[in-house]
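A quick write-up on the structure given underneath.
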Protein chains: 2
Amino acid sequence: MHIDLIRSSSKSLPQQISETLAQRITSGLLQPGARLPSVRGLAASLKVSQVTVSKAYDDLESRGHIFCSQGQGCFVARRPHLGQQSGTAWQDGYDDFLPRAQLWRNFDFSGVKYPFHLAAIHAELLPLDFIGNTMSRLVTDQPELMASYGNFQGDAELREVMHRHLHSRGVDVHSSDIMITSGSQQGIDLVARTFVGPGDTVYLEAPSYTGAIDVFAGRGAEMIFVPMDGEGMRVDVLTRLCDKHPPKVIYTNPAFQNPSGVTMSMTRRQRLLELARSYRCLIVEDDPFSDLYFRKPPPPPIKSMDTEGHVVYMKSFSKVIAPGCRIACVAAGGNILSRLIAAKSASDLGSPLLNQRAVLPFIARRYDAYAAQLRISLRSRMEKAVRLLRQYAPPGVTWNVPEGGLNLWLQLPAAEGIVKLRTQAEQAGVSFLPGDVCYSGEVASRHIRLCYSQMTEDDMEQGLRLFLQLLTEHLRADRKA
Amino acid sequence: MHIDLIRSSSKSLPQQISETLAQRITSGLLQPGARLPSVRGLAASLKVSQVTVSKAYDDLESRGHIFCSQGQGCFVARRPHLGQQSGTAWQDGYDDFLPRAQLWRNFDFSGVKYPFHLAAIHAELLPLDFIGNTMSRLVTDQPELMASYGNFQGDAELREVMHRHLHSRGVDVHSSDIMITSGSQQGIDLVARTFVGPGDTVYLEAPSYTGAIDVFAGRGAEMIFVPMDGEGMRVDVLTRLCDKHPPKVIYTNPAFQNPSGVTMSMTRRQRLLELARSYRCLIVEDDPFSDLYFRKPPPPPIKSMDTEGHVVYMKSFSKVIAPGCRIACVAAGGNILSRLIAAKSASDLGSPLLNQRAVLPFIARRYDAYAAQLRISLRSRMEKAVRLLRQYAPPGVTWNVPEGGLNLWLQLPAAEGIVKLRTQAEQAGVSFLPGDVCYSGEVASRHIRLCYSQMTEDDMEQGLRLFLQLLTEHLRADRKA
């Protein structure tokens, strides 16, 4: 397998190797029972000494990820190897460039009754009738939309609507500075594949969005997680780090951050932009939640202050109006945008034109009134969830009371046992997102993320009660043990 | 800018640098007037000598791609630099990983009256009513499809339908061995990002599909183009090349190849698979056209003989039934497929569920009868196009008579002047694809590709007459000059 080693990193080479392998194992990319490359073979392919690889393997073995047996080699631990068709065994040794896949591992969307793991909005709150009617009208009146690829950059009419929408939010970009993507996930991916390569430094908030971490890891980036406080990313800490590790990209989620819920203050936004200017780097401003505030709107997007093209701004309408249509927009400009459009063309020839047109009238005419209503519904769910937490959460568990967005970020007394809790919860039909996957490498986070908007209100209540009961038993058992 | 240099390549380092820069220039990624990095700066960042970079720049200058002026540096040639906002000038120096973007450059889908450049099928031949009706029914009966992300791997019901379809074509894979992608373009891209890295050898047919070349170039692959004859890729030549440059991926388009129209014989298919087995590599079998035969079906897919998971088979329904829905399937298996699904999740969280369900009933129940009818219509258009060629093509121009697919592959007497012809044709409302973009590096192809199915029959006739008239004048002027 291919591992991007960063010789200038503060992490030792054995540590980098062992972390990458551990990520592959916890992501499920290396299955239990799979044979690891030999020490000699891996050392040769990575151009490091055998001692370096041995140290990495020792470390992995000491943490229970692998077991090594004299003369047999090293294997991924835990469950016995399920016999594969012998013919396809060669595939195990076929190198890839996929160091981590926590999205894939943690967001299999089917099966659980109470899916708290997924930050999404339940169908009953979404404007599906309106969008469905538009879709029906389009396929009748303009069937040729189904026959056309459209432009790589995205439909010109939708870009015009996006332009007006962004303008109303203080982001003054021309429609030619906008590209349509299949969700913000694709926007992040396009920035990464276009501008980030092995060893490039990418800064993220600690914790950050799993999907962004997967993508930057896939490019071999050195990811540095910057601590946050109540005003968002600690830009003072970031500034000090940048001297030693100049940034290629700074990824931020400044409004009701995923997963922590924290909003970046205006001062921090300004300082972050100044820093991007001095380091001539890009800020990826991923903004799915800024319209979902409960009391007051967050400060204007960083992009609204950007005069020199340092901010790639991503506004997803996917989560908020119709995840099944997968429509988001990216605002950039200059030759940053042209290169992103070139990358988009190679990745999928453009987003489906029909889907673009299907959300257009809603965004143009109904979105603002809808968002106002949605805020009220979400706030009521959030408050119900918080009431339940106050009533039933066991001692030692704390949480934020979010000012917007879709998530609660719970802190448990300890990181130990969360894996077990998760298994128990899933058996009972409740899923959550463990905080670990919101970092890269191996951390022992004692946080978990719960989304309160992905079910009907009744299901959310039932599911949360059930989860808190399981959590109470879990912590009680823990104290006894 | 970032350039992946391959030290084991048969091409010299100056040649690799100059080819990459030339590709960026012809792709439009480096705009006329843009300043190139200084010799010293580029040498330092690529870790090569300044002599190497100077040689590359001399070569580029001698071929008119750039001009260098003492003390000022080197600039991309042709048109004067359009002044950029001074504030965004830093973007020019912001490194990217995008060596080539011929898709982006050559497939801007709007504007021309007679778009022969795009291999697609005109709306009047597509089953848009049926798919539109399905779509309308779905948004009414199951609006929740618009609210759901679906699975990363693709909708289980659609995969079941794809499984049955592939089975009917001799490809015996389980529905769990299938993934849904946004067109085959995304399938190719997922294989490249997952399994191909800098210096890995990728073999393609000479010529090959522009979109595949862009994608492999973006991964820093060493692309080797294998000649073809009437039976497709010369596997004997490939075999000899593999000894020196072991393959990571072999990309082939075996039925009515894009752009040449050639079909790979059964024997070659078998030998290609044997070769993949001995080299433990993947074959990407990109198969959009096998149902579009005019006389007899092509041999069964290579995948139908693949017992050990060497073939990643891509079947696009996008081109053939509804390009605006962007639905294709990838059949792989084992941990090749799981890794591709992991990559798909990071790239866009899965294809839109609604679009998947919208094409499902058509593929399940109507596709075969439709394909039979479509073959007749396409053949009639092709025959009309060939009649027009016979009647009006100037002397010295030759073409294949395709046995299937959507394209004519014309050979002109010389490569010179095709750029000029293209400009003239586009001014007159006619577009075509120059053969150059079907290779990597710089070739002087004297071929052009014309698609005969992207317009109404009348428009095709008018457009082709117009084009042949322009071509005649062009060649006459050429002889005079």
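In the structure tokens, chains take letters A, B, ... by order of appearance, with residues numbered from 1 within each chain and ligands from 1 in the order shown.
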
Exercise for the section: DSSP on the backbone, then: every residue of range 240-276 of chain B marked alpha helix (DSSP H), written as a PyMOL selection string. Expected result: chain B and resi 240-244+266-276

Exercise for the section: Tell me, as a PyMOL selection string, which residues lie within 6 Å of Ile283 in chain A, counting only C-alpha atoms; anything in the same chain fewer than 4 positions away does not count. Expected result: chain A and resi 249-251+311

Take the residues just selected and output them with C-alpha atoms as a PDB file, in the first residue's frame.
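This is the output file out_11.pdb:
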```pdb
ATOM      1  CA  VAL A 249      -5.406  25.389   2.673  1.00  0.00           C
ATOM      2  CA  ILE A 250      -7.304  26.356   5.808  1.00  0.00           C
ATOM      3  CA  TYR A 251     -10.588  24.503   6.102  1.00  0.00           C
ATOM      4  CA  VAL A 311     -11.782  32.260   0.015  1.00  0.00           C
TER       5      VAL A 311
END
```

Handout entry: Test item: residues at most 9 Å from Leu118 in chain A, only C-alpha atoms, excluding those fewer than 5 positions along its chain, as a list in words
Key =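 Final neighbour list, sorted by chain and number: Phe107, Phe109, Ser431, Phe432, Leu433, Arg449, Leu450, Cys451 and Gln454 of chain A.
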
How about saving the chosen residues, N, CA and C atoms kept, as a PDB file, in the first residue's frame?
```
ATOM      1  N   PHE A 107     -21.113   6.074   7.811  1.00  0.00           N
ATOM      2  CA  PHE A 107     -22.372   6.641   7.331  1.00  0.00           C
ATOM      3  C   PHE A 107     -23.102   5.716   6.376  1.00  0.00           C
ATOM      4  N   PHE A 109     -26.200   4.486   5.508  1.00  0.00           N
ATOM      5  CA  PHE A 109     -27.397   5.185   5.959  1.00  0.00           C
ATOM      6  C   PHE A 109     -28.594   4.306   6.285  1.00  0.00           C
ATOM      7  N   SER A 431     -28.083   5.094  16.554  1.00  0.00           N
ATOM      8  CA  SER A 431     -26.716   5.342  16.086  1.00  0.00           C
ATOM      9  C   SER A 431     -26.251   6.731  16.510  1.00  0.00           C
ATOM     10  N   PHE A 432     -24.952   6.892  16.691  1.00  0.00           N
ATOM     11  CA  PHE A 432     -24.379   8.223  16.926  1.00  0.00           C
ATOM     12  C   PHE A 432     -23.015   8.262  16.266  1.00  0.00           C
ATOM     13  N   LEU A 433     -22.456   9.459  16.164  1.00  0.00           N
ATOM     14  CA  LEU A 433     -21.136   9.586  15.559  1.00  0.00           C
ATOM     15  C   LEU A 433     -20.090   9.750  16.651  1.00  0.00           C
ATOM     16  N   ARG A 449     -21.389  12.885  18.649  1.00  0.00           N
ATOM     17  CA  ARG A 449     -22.273  13.843  17.986  1.00  0.00           C
ATOM     18  C   ARG A 449     -23.635  13.208  17.769  1.00  0.00           C
ATOM     19  N   LEU A 450     -24.668  13.953  18.146  1.00  0.00           N
ATOM     20  CA  LEU A 450     -26.044  13.503  17.920  1.00  0.00           C
ATOM     21  C   LEU A 450     -26.759  14.558  17.083  1.00  0.00           C
ATOM     22  N   CYS A 451     -27.420  14.128  16.039  1.00  0.00           N
ATOM     23  CA  CYS A 451     -28.220  15.059  15.240  1.00  0.00           C
ATOM     24  C   CYS A 451     -29.671  14.935  15.682  1.00  0.00           C
ATOM     25  N   GLN A 454     -33.017  14.522  12.222  1.00  0.00           N
ATOM     26  CA  GLN A 454     -33.046  13.530  11.154  1.00  0.00           C
ATOM     27  C   GLN A 454     -34.229  12.567  11.292  1.00  0.00           C
TER      28      GLN A 454
END
```

Exercise for the section: Write out as a list in words which residues come within 9 Å of Gln153 in chain A when counting only C-alpha atoms, dropping same-chain ones fewer than 2 positions away. Expected result: Gly150, Asn151, Asp155, Ala156, Arg159, Ser176, Ile178, Met179, Ile180, Thr181, Ser338, Leu340, Ile341, Ala342, Lys344, Ser345, Gly350 and Ser351 of chain A

Exercise for the section: Give me, please, the distance in Å between CA of His117 in chain A and CA of Asp478 in chain A, quoted to one decimal. Expected result: 23.1 Å

Exercise for the section: Tell me which protein, DNA and RNA residues are within 12 Å of Pro143 in chain B, counting only C-alpha atoms, leaving out same-chain ones fewer than 5 positions away, and put them as a PyMOL selection string. Expected result: (chain A and resi 122-133+135-136+322-325) or (chain B and resi 135-138+148+353-354+357)

Practice task
Have a look at B:Asp236, B:Asp214, B:Asp243, B:Asp286 and name the one nearest to chain A; count only C-alpha atoms.
Solution key: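 For chain A, the nearest of the candidates is B:Asp214.
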
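For Arg295 in chain B, the set of protein, DNA and RNA residues having any atom at most 10 Å away, when counting only C-alpha atoms and skipping those fewer than 2 positions along the same chain, is B:Leu292, B:Tyr293, B:Pro297, B:Pro298, B:Arg375, B:Ile376, B:Arg379, B:Glu403, B:Gly404.
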
Go ahead and save the residues from that selection, with N, CA, C and O atoms, as a PDB file, in the first residue's frame.
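Output below, filename selection.pdb:
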```
ATOM      1  N   LEU B 292     -24.905  -0.645 -29.050  1.00  0.00           N
ATOM      2  CA  LEU B 292     -25.183   0.175 -30.232  1.00  0.00           C
ATOM      3  C   LEU B 292     -24.484  -0.366 -31.474  1.00  0.00           C
ATOM      4  O   LEU B 292     -23.741   0.333 -32.139  1.00  0.00           O
ATOM      5  N   TYR B 293     -24.708  -1.655 -31.742  1.00  0.00           N
ATOM      6  CA  TYR B 293     -24.094  -2.271 -32.921  1.00  0.00           C
ATOM      7  C   TYR B 293     -25.039  -2.185 -34.109  1.00  0.00           C
ATOM      8  O   TYR B 293     -26.253  -2.121 -33.943  1.00  0.00           O
ATOM      9  N   PRO B 297     -23.608  -8.062 -32.719  1.00  0.00           N
ATOM     10  CA  PRO B 297     -23.079  -7.596 -31.437  1.00  0.00           C
ATOM     11  C   PRO B 297     -21.575  -7.835 -31.356  1.00  0.00           C
ATOM     12  O   PRO B 297     -21.060  -8.760 -31.988  1.00  0.00           O
ATOM     13  N   PRO B 298     -20.895  -6.991 -30.601  1.00  0.00           N
ATOM     14  CA  PRO B 298     -19.465  -7.233 -30.388  1.00  0.00           C
ATOM     15  C   PRO B 298     -19.278  -8.477 -29.520  1.00  0.00           C
ATOM     16  O   PRO B 298     -20.246  -8.986 -28.953  1.00  0.00           O
ATOM     17  N   ARG B 375     -30.649   1.232 -32.327  1.00  0.00           N
ATOM     18  CA  ARG B 375     -29.641   0.764 -33.279  1.00  0.00           C
ATOM     19  C   ARG B 375     -30.049   1.086 -34.715  1.00  0.00           C
ATOM     20  O   ARG B 375     -29.235   1.504 -35.527  1.00  0.00           O
ATOM     21  N   ILE B 376     -31.349   0.856 -35.000  1.00  0.00           N
ATOM     22  CA  ILE B 376     -31.832   1.122 -36.365  1.00  0.00           C
ATOM     23  C   ILE B 376     -31.709   2.609 -36.695  1.00  0.00           C
ATOM     24  O   ILE B 376     -31.189   2.997 -37.743  1.00  0.00           O
ATOM     25  N   ARG B 379     -28.041   3.609 -37.036  1.00  0.00           N
ATOM     26  CA  ARG B 379     -27.457   3.099 -38.264  1.00  0.00           C
ATOM     27  C   ARG B 379     -27.898   3.928 -39.463  1.00  0.00           C
ATOM     28  O   ARG B 379     -27.084   4.255 -40.342  1.00  0.00           O
ATOM     29  N   GLU B 403     -19.077   0.141 -37.261  1.00  0.00           N
ATOM     30  CA  GLU B 403     -19.946  -1.031 -37.053  1.00  0.00           C
ATOM     31  C   GLU B 403     -20.887  -0.808 -35.877  1.00  0.00           C
ATOM     32  O   GLU B 403     -21.711  -1.652 -35.551  1.00  0.00           O
ATOM     33  N   GLY B 404     -20.705   0.319 -35.192  1.00  0.00           N
ATOM     34  CA  GLY B 404     -21.529   0.637 -34.030  1.00  0.00           C
ATOM     35  C   GLY B 404     -21.044   1.929 -33.405  1.00  0.00           C
ATOM     36  O   GLY B 404     -20.081   2.531 -33.875  1.00  0.00           O
TER      37      GLY B 404
END
```

Exercise for the section: May I have the residues within 6 Å of Gly435 in chain B as number ranges by chain, using only C-alpha atoms and disregarding those fewer than 3 positions away in the same chain? Expected result: B: 438, 445, 447-448

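Remark: for chain A, the closest of the candidate residues B:Met162, B:Leu36, B:Ile321, B:Val237 is B:Ile321 (distances computed over only C-alpha atoms).
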
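Minimum atom-to-atom distance to Ile3 in chain B, evaluated using only C-alpha atoms, belongs to B:Ala217 out of B:Val191, B:Ala217, B:Val112, B:Ala206.
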